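Undergrad: Below is one structure. I have some questions about it.
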Number of protein chains: 2
Amino acid sequence: MLSDITRPTLLIHYNIVMENLRKMFAKTQALGIPLRPHVKTHQNQAVANWMAEEGIDRITVSSLSMAVYFIRGGWNDVTLGFPFNIRETGEVNKLNRNVKLNLLVDQKSTVHYLGKYLEREVGLYIKVDTGSHRAGIPCEDTAALGEMTALIHRYPQLQFKGFLTHNGLCYQARGKEEVLKIHANALAQLASLKEAFPEAEISAGDTPSASLAEDFGVISELRPGNFMYYDLMQVQIGSCAPENIAIALACPVAALYPARREILIYGGAVHLSKESLDEDGRLHYGKAVRLVRGGWDTQGILGQVDRLSQEHGIIRVEGDWPELQVGELLGILPVHSCLTADLMRMENRILWP
Amino acid sequence: MLSDITRPTLLIHYNIVMENLRKMFAKTQALGIPLRPHVKTHQNQAVANWMAEEGIDRITVSSLSMAVYFIRGGWNDVTLGFPFNIRETGEVNKLNRNVKLNLLVDQKSTVHYLGKYLEREVGLYIKVDTGSHRAGIPCEDTAALGEMTALIHRYPQLQFKGFLTHNGLCYQARGKEEVLKIHANALAQLASLKEAFPEAEISAGDTPSASLAEDFGVISELRPGNFMYYDLMQVQIGSCAPENIAIALACPVAALYPARREILIYGGAVHLSKESLDEDGRLHYGKAVRLVRGGWDTQGILGQVDRLSQEHGIIRVEGDWPELQVGELLGILPVHSCLTADLMRMENRILWP
């Protein structure tokens, strides 16, 4: 019950999550591309169980701690999609050997280290960079990639699987056309890669292209994560509509300042994160909506979260001053659901239909 | 031991914390103004114990959950410096009655609600706004403030204490002179307020003015919090020097990209927060330093954290390419220590001398 909520609480809308999940899963099944959702977005075993009930049997995580949490929850096919941190090798050695674990590398020294100290079999992906310059070996550098595969083959416990990429450039796009253009550029790079290494798998999957594209070229596995919750950033990119956003932060109204047309909510940077979005030249940290029976009303945006401090959020009211009482709950649609969900792991509530 | 660290871990430097704490405490004692540190910065009972050992007997918190945590740790004089959220009234009623608790209000409806439903005595401060427009009744609106005090006096369990402010404008200052100018403006407003309400206490205390000013006018209590750890934002404001920063995030180096002069660390937005700082026209999320025996070397900044995603941090190297191995630990000086410490509450390590 919403009436039990006393402090900032993440509302997870079952119906919207399932709609997002089923749509993406149906699409990948129709394409014949396995879906390995990135669970960093929700970090929630209850939500992961809904994935399992739909028939999803593999996940991506972004940290070993997250892998441990989901393996404990019953998942046994896990890809750790972050260039492996060799300081955690001992912890990997302690994981249940029956779990299929894939790691990611882009440094020769990491491969040597794993070859020397890893005491279990793992699948190994080489991280390739298709232009976002976060991590990875440049996709076109087939010489360096060839050396890495050769190096991996020297160690019997390292099973070379293929190449993995995340096309972060899609996050800079505004609108479907731009996303598809950036996606097409990555597909072309991956096609050349596949030509050079015909046996290798190609794992990819940012939420914008996974949501908007129909053609995935040589991609043999998709790993989007954000699509399960979506957020205002994805709305701005064009990956989804506001009504596809599956979470909202319920925040108590602490004070009303009609003279300056602002509302103070209990809900700040430690709940929403300081991820911001530039809309019409002004940064904001989320949008305020009314909570209604079983969900929230994305049609009537009360205003944007204009400023955030540790626990304070200031909403700048747009349009008429709303009828609102101190002590009511408002919903905040987050700019970046992964960061909000990470902060609110201890305080969340599932809204059943 | 640093060698035990496998993932992002907050290092808390005992000597620097104590130096910051003793300096501020000695200053307030010399001025005869009680110090009530804001513990939202560290949220750590071990660090709070160091405060108690120095003779500090009162704290400020920014949430009721934080109050509960520190009361459990033995603190019995606590001010909740956030406009009271009436949905938590039931939880306040359950707190130990022997704890002196002060709450904050700026809404009449909240006073009425507390008058009706609060089952224990509390001290009550009225939040006044000296220009930062986050929360509070405008400091010059003595009519509205008079009405609030009269309203509070109607309820026997509400003990009117005085006025409380946080001069957030000081955070926009660059350099001591600007901080002191903004501080003087607030002091003038508070002096008029004190004239109108001579019996009222005046509680104030942002870290910049608490660090830099010598004159506190009518202020009868100081509540800075950030000064215990400081951070790069405070260095930019001019409140402290880089060597006064008492925490650093230890992050494993996951990959080296000398061709683009960048380093990938395991340490992202879920560890540092997305608080950024504009320095010379470029945003960054922290600065990388070498960890050395018992601390870190603020003399040699390796580079700035240029980009952050959920778990990835990208350091842009300045100057010569450093000698560095994958798997080493780097320290990151945070932009905003309160947010980093909040994120890292479960993963921290105290560096003893």
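Identifiers for the structure tokens are assigned positionally: chains receive A, B, ... in sequence, residues are indexed from 1 per chain, and ligands are indexed from 1 in the order shown.
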Report the closest atom pair, with its distance in Å rounded to one decimal, for each residue of segment 301-352 of chain A that has an atom no farther than 12 Å from segment 29-46 of chain A; count only C-alpha atoms, sort by chain and then rising residue number, and write it as CSV.
TA:
```
residue,atom,partner,partner_atom,distance
A:His336,CA,A:Thr41,CA,9.3
A:Ser337,CA,A:Thr41,CA,6.8
A:Cys338,CA,A:Thr41,CA,4.2
A:Leu339,CA,A:Thr41,CA,7.6
A:Thr340,CA,A:Thr41,CA,9.0
A:Ala341,CA,A:His42,CA,5.9
A:Asp342,CA,A:Gln43,CA,7.0
A:Leu343,CA,A:Gln43,CA,10.4
A:Met344,CA,A:His42,CA,9.8
A:Arg345,CA,A:Gln43,CA,7.4
A:Met346,CA,A:Asn44,CA,10.0
A:Glu347,CA,A:Asn44,CA,11.4
A:Asn348,CA,A:Asn44,CA,9.8
A:Arg349,CA,A:Ala46,CA,10.7
A:Ile350,CA,A:Ala46,CA,9.1
```
Undergrad: Could the residues in this selection be saved with N, CA and C atoms as a CSV table (one decimal), in the first residue's frame?
TA:
```csv
chain,number,residue,atom,x,y,z
A,336,HIS,N,17.8,8.5,-15.1
A,336,HIS,CA,18.6,7.3,-15.4
A,336,HIS,C,18.2,6.2,-14.4
A,337,SER,N,17.4,5.3,-14.8
A,337,SER,CA,16.8,4.3,-13.9
A,337,SER,C,17.8,3.4,-13.3
A,338,CYS,N,18.9,3.1,-14.0
A,338,CYS,CA,19.9,2.2,-13.4
A,338,CYS,C,20.5,2.8,-12.1
A,339,LEU,N,20.8,4.1,-12.1
A,339,LEU,CA,21.4,4.7,-11.0
A,339,LEU,C,20.4,4.9,-9.8
A,340,THR,N,19.2,5.2,-10.2
A,340,THR,CA,18.2,5.3,-9.1
A,340,THR,C,17.9,4.0,-8.5
A,341,ALA,N,17.8,2.9,-9.3
A,341,ALA,CA,17.5,1.6,-8.8
A,341,ALA,C,18.7,1.1,-7.9
A,342,ASP,N,19.9,1.4,-8.3
A,342,ASP,CA,21.0,1.1,-7.5
A,342,ASP,C,21.0,1.7,-6.1
A,343,LEU,N,20.6,3.0,-6.1
A,343,LEU,CA,20.5,3.7,-4.8
A,343,LEU,C,19.4,3.2,-4.0
A,344,MET,N,18.3,2.7,-4.6
A,344,MET,CA,17.1,2.4,-3.8
A,344,MET,C,16.9,0.9,-3.6
A,345,ARG,N,18.0,0.1,-3.8
A,345,ARG,CA,17.9,-1.3,-3.6
A,345,ARG,C,17.3,-1.8,-2.3
A,346,MET,N,17.5,-1.0,-1.3
A,346,MET,CA,17.0,-1.4,0.1
A,346,MET,C,15.6,-1.0,0.3
A,347,GLU,N,15.1,-0.1,-0.6
A,347,GLU,CA,13.8,0.5,-0.3
A,347,GLU,C,13.0,0.5,-1.6
A,348,ASN,N,12.3,-0.7,-1.8
A,348,ASN,CA,11.5,-0.7,-3.0
A,348,ASN,C,10.2,-1.5,-2.8
A,349,ARG,N,9.3,-1.2,-3.7
A,349,ARG,CA,7.9,-1.8,-3.6
A,349,ARG,C,7.4,-2.1,-4.9
A,350,ILE,N,6.9,-3.4,-5.1
A,350,ILE,CA,6.4,-3.8,-6.4
A,350,ILE,C,4.9,-3.4,-6.5
```
Undergrad: Listing only residues of chain B within 6 Å of chain A, what is the closest atom pair and its distance in Å (to one decimal) for each, using only C-alpha atoms, sorted by chain and residue number ascending, as a tab-separated table?
TA:
```
residue	atom	partner	partner_atom	distance
B:Thr6	CA	A:Arg87	CA	4.9
B:Asn85	CA	A:Ala254	CA	5.3
B:Ile86	CA	A:Gly327	CA	5.8
B:Arg87	CA	A:Thr6	CA	4.9
B:Glu88	CA	A:Thr6	CA	5.6
B:Ala254	CA	A:Asn85	CA	5.3
B:Lys274	CA	A:Lys274	CA	5.3
B:Gly327	CA	A:Ile86	CA	5.7
```
Undergrad: Among segment 45-161 of chain A, which residues carry a DSSP assignment of helix (DSSP H, G or I), reported as JSON, numbers by chain?
TA: {"A": [45, 46, 47, 48, 49, 50, 51, 52, 53, 54, 64, 65, 66, 67, 68, 69, 70, 71, 72, 86, 87, 88, 89, 90, 91, 92, 93, 94, 108, 109, 110, 111, 112, 113, 114, 115, 116, 117, 142, 143, 144, 145, 146, 147, 148, 149, 150, 151, 152, 153]}
Undergrad: Using the selection just defined, write its residues with C-alpha atoms as a PDB file, in the first residue's frame.
TA:
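File produced: part_38.pdb:
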```pdb
ATOM      1  CA  GLN A  45      16.162 -10.950  -7.777  1.00  0.00           C
ATOM      2  CA  ALA A  46      12.363 -10.570  -7.743  1.00  0.00           C
ATOM      3  CA  VAL A  47      12.482  -8.826 -11.109  1.00  0.00           C
ATOM      4  CA  ALA A  48      15.015 -11.359 -12.377  1.00  0.00           C
ATOM      5  CA  ASN A  49      12.550 -14.107 -11.459  1.00  0.00           C
ATOM      6  CA  TRP A  50       9.991 -12.546 -13.821  1.00  0.00           C
ATOM      7  CA  MET A  51      12.616 -12.856 -16.560  1.00  0.00           C
ATOM      8  CA  ALA A  52      13.142 -16.514 -15.701  1.00  0.00           C
ATOM      9  CA  GLU A  53       9.389 -17.158 -15.783  1.00  0.00           C
ATOM     10  CA  GLU A  54       9.314 -15.822 -19.335  1.00  0.00           C
ATOM     11  CA  LEU A  64      31.407  -9.735  -9.581  1.00  0.00           C
ATOM     12  CA  SER A  65      29.327  -8.824  -6.508  1.00  0.00           C
ATOM     13  CA  MET A  66      26.290  -8.653  -8.791  1.00  0.00           C
ATOM     14  CA  ALA A  67      27.226 -12.045 -10.268  1.00  0.00           C
ATOM     15  CA  VAL A  68      27.435 -13.534  -6.773  1.00  0.00           C
ATOM     16  CA  TYR A  69      24.015 -12.092  -5.850  1.00  0.00           C
ATOM     17  CA  PHE A  70      22.271 -13.493  -8.940  1.00  0.00           C
ATOM     18  CA  ILE A  71      24.054 -16.864  -8.821  1.00  0.00           C
ATOM     19  CA  ARG A  72      22.755 -17.160  -5.264  1.00  0.00           C
ATOM     20  CA  ILE A  86      42.296  -9.280 -11.722  1.00  0.00           C
ATOM     21  CA  ARG A  87      42.106  -8.435  -8.004  1.00  0.00           C
ATOM     22  CA  GLU A  88      38.871 -10.470  -7.931  1.00  0.00           C
ATOM     23  CA  THR A  89      40.396 -13.669  -9.341  1.00  0.00           C
ATOM     24  CA  GLY A  90      40.346 -15.352  -5.930  1.00  0.00           C
ATOM     25  CA  GLU A  91      36.614 -14.665  -5.601  1.00  0.00           C
ATOM     26  CA  VAL A  92      35.961 -16.111  -9.061  1.00  0.00           C
ATOM     27  CA  ASN A  93      37.794 -19.258  -8.021  1.00  0.00           C
ATOM     28  CA  LYS A  94      35.309 -19.667  -5.155  1.00  0.00           C
ATOM     29  CA  LYS A 108      47.080  -9.018 -22.506  1.00  0.00           C
ATOM     30  CA  SER A 109      48.305  -8.833 -18.935  1.00  0.00           C
ATOM     31  CA  THR A 110      44.826  -9.792 -17.723  1.00  0.00           C
ATOM     32  CA  VAL A 111      44.794 -12.879 -19.958  1.00  0.00           C
ATOM     33  CA  HIS A 112      48.215 -13.929 -18.644  1.00  0.00           C
ATOM     34  CA  TYR A 113      47.058 -13.371 -15.061  1.00  0.00           C
ATOM     35  CA  LEU A 114      43.881 -15.409 -15.579  1.00  0.00           C
ATOM     36  CA  GLY A 115      45.886 -18.126 -17.330  1.00  0.00           C
ATOM     37  CA  LYS A 116      48.168 -18.339 -14.316  1.00  0.00           C
ATOM     38  CA  TYR A 117      45.747 -17.944 -11.388  1.00  0.00           C
ATOM     39  CA  THR A 142      42.335  -7.223 -36.350  1.00  0.00           C
ATOM     40  CA  ALA A 143      46.067  -7.695 -35.765  1.00  0.00           C
ATOM     41  CA  ALA A 144      45.750  -6.883 -32.053  1.00  0.00           C
ATOM     42  CA  LEU A 145      42.554  -8.938 -31.821  1.00  0.00           C
ATOM     43  CA  GLY A 146      44.283 -11.879 -33.498  1.00  0.00           C
ATOM     44  CA  GLU A 147      47.116 -11.683 -30.979  1.00  0.00           C
ATOM     45  CA  MET A 148      44.613 -11.674 -28.120  1.00  0.00           C
ATOM     46  CA  THR A 149      42.753 -14.727 -29.414  1.00  0.00           C
ATOM     47  CA  ALA A 150      46.066 -16.557 -29.871  1.00  0.00           C
ATOM     48  CA  LEU A 151      47.055 -15.659 -26.328  1.00  0.00           C
ATOM     49  CA  ILE A 152      43.737 -16.883 -24.941  1.00  0.00           C
ATOM     50  CA  HIS A 153      44.172 -20.206 -26.747  1.00  0.00           C
TER      51      HIS A 153
END
```
Undergrad: Based on the backbone DSSP call, show me all residues of segment 192-260 of chain A assigned strand (DSSP E or B), as a ChimeraX atom specification.
TA: /A:201-204,221-222,247-257
Undergrad: Print the selection's residues with N, CA, C and O atoms to a file, as an mmCIF file, in the first residue's frame.
TA:
```
data_model
loop_
_atom_site.group_PDB
_atom_site.id
_atom_site.type_symbol
_atom_site.label_atom_id
_atom_site.label_comp_id
_atom_site.auth_asym_id
_atom_site.auth_seq_id
_atom_site.Cartn_x
_atom_site.Cartn_y
_atom_site.Cartn_z
ATOM 1 N N GLU A 201 31.637 -15.492 -31.789
ATOM 2 C CA GLU A 201 30.338 -14.888 -31.476
ATOM 3 C C GLU A 201 30.502 -13.371 -31.423
ATOM 4 O O GLU A 201 31.583 -12.864 -31.120
ATOM 5 N N ILE A 202 29.396 -12.676 -31.666
ATOM 6 C CA ILE A 202 29.400 -11.217 -31.577
ATOM 7 C C ILE A 202 28.276 -10.815 -30.621
ATOM 8 O O ILE A 202 27.086 -10.934 -30.943
ATOM 9 N N SER A 203 28.667 -10.348 -29.441
ATOM 10 C CA SER A 203 27.679 -9.962 -28.426
ATOM 11 C C SER A 203 27.603 -8.440 -28.369
ATOM 12 O O SER A 203 28.622 -7.765 -28.263
ATOM 13 N N ALA A 204 26.390 -7.909 -28.436
ATOM 14 C CA ALA A 204 26.217 -6.453 -28.431
ATOM 15 C C ALA A 204 24.908 -6.113 -27.735
ATOM 16 O O ALA A 204 24.148 -7.012 -27.358
ATOM 17 N N GLU A 221 24.114 -12.183 -30.131
ATOM 18 C CA GLU A 221 23.545 -12.144 -28.772
ATOM 19 C C GLU A 221 23.285 -10.680 -28.431
ATOM 20 O O GLU A 221 24.116 -9.821 -28.716
ATOM 21 N N LEU A 222 22.133 -10.400 -27.786
ATOM 22 C CA LEU A 222 21.811 -9.025 -27.398
ATOM 23 C C LEU A 222 21.775 -8.897 -25.872
ATOM 24 O O LEU A 222 21.178 -9.732 -25.197
ATOM 25 N N ILE A 247 9.476 2.521 -13.595
ATOM 26 C CA ILE A 247 9.711 2.834 -12.179
ATOM 27 C C ILE A 247 9.474 4.318 -11.929
ATOM 28 O O ILE A 247 9.596 5.155 -12.823
ATOM 29 N N ALA A 248 9.112 4.587 -10.687
ATOM 30 C CA ALA A 248 9.008 5.973 -10.235
ATOM 31 C C ALA A 248 9.432 5.985 -8.773
ATOM 32 O O ALA A 248 9.227 5.002 -8.049
ATOM 33 N N LEU A 249 10.052 7.082 -8.378
ATOM 34 C CA LEU A 249 10.442 7.206 -6.976
ATOM 35 C C LEU A 249 9.316 7.922 -6.236
ATOM 36 O O LEU A 249 8.995 9.071 -6.555
ATOM 37 N N ALA A 250 8.714 7.226 -5.281
ATOM 38 C CA ALA A 250 7.664 7.858 -4.467
ATOM 39 C C ALA A 250 8.337 8.717 -3.404
ATOM 40 O O ALA A 250 9.160 8.218 -2.634
ATOM 41 N N CYS A 251 8.001 9.996 -3.387
ATOM 42 C CA CYS A 251 8.654 10.943 -2.464
ATOM 43 C C CYS A 251 7.615 11.731 -1.682
ATOM 44 O O CYS A 251 6.711 12.333 -2.282
ATOM 45 N N PRO A 252 7.753 11.803 -0.360
ATOM 46 C CA PRO A 252 6.851 12.647 0.424
ATOM 47 C C PRO A 252 7.088 14.129 0.119
ATOM 48 O O PRO A 252 8.232 14.562 -0.007
ATOM 49 N N VAL A 253 5.998 14.865 0.008
ATOM 50 C CA VAL A 253 6.079 16.318 -0.123
ATOM 51 C C VAL A 253 6.357 16.882 1.272
ATOM 52 O O VAL A 253 5.597 16.641 2.210
ATOM 53 N N ALA A 254 7.483 17.605 1.395
ATOM 54 C CA ALA A 254 7.868 18.136 2.708
ATOM 55 C C ALA A 254 7.457 19.588 2.878
ATOM 56 O O ALA A 254 7.208 20.033 3.999
ATOM 57 N N ALA A 255 7.412 20.342 1.790
ATOM 58 C CA ALA A 255 7.039 21.752 1.914
ATOM 59 C C ALA A 255 6.571 22.295 0.570
ATOM 60 O O ALA A 255 6.991 21.818 -0.489
ATOM 61 N N LEU A 256 5.691 23.291 0.651
ATOM 62 C CA LEU A 256 5.168 23.955 -0.550
ATOM 63 C C LEU A 256 5.577 25.416 -0.500
ATOM 64 O O LEU A 256 5.421 26.075 0.538
ATOM 65 N N TYR A 257 6.108 25.927 -1.609
ATOM 66 C CA TYR A 257 6.510 27.337 -1.689
ATOM 67 C C TYR A 257 5.831 27.969 -2.901
ATOM 68 O O TYR A 257 6.474 28.218 -3.930
#
```
Undergrad: When you look at Pro258 of chain A with a cut-off of 10 Å (counting only C-alpha atoms), what residues show up, excluding the ones that are within fewer than 6 positions of it in the same chain? I need them as JSON, numbers by chain.
TA: {"A": [317, 321, 322]}
Undergrad: Name all residues at most 12 Å from Asn185 of chain B (count only C-alpha atoms; drop same-chain ones fewer than 6 positions away) and give them as number ranges by chain.
TA: B: 130-132, 139, 167, 169-170, 178-179, 191-192, 209, 216-217
Undergrad: May I have the residues within 9 Å of segment 225-236 of chain A as a PyMOL selection string, using only C-alpha atoms and disregarding those fewer than 5 positions away in the same chain?
TA: chain A and resi 12-13+16-21+24+36-42+60+171+173-175+205-208+210-211+241-242+244-247+276-277+279+286-287+333-338
Undergrad: Using only C-alpha atoms, find the one residue out of A:Leu158, A:Val128, A:Leu95, A:Ile56 that sits nearest to Gly81 of chain A.
TA: A:Val128
Undergrad: Have a look at atom CA of Lys23 of chain A and atom CA of Thr79 of chain A and let me know their distance in Å, one decimal.
TA: 22.4 Å
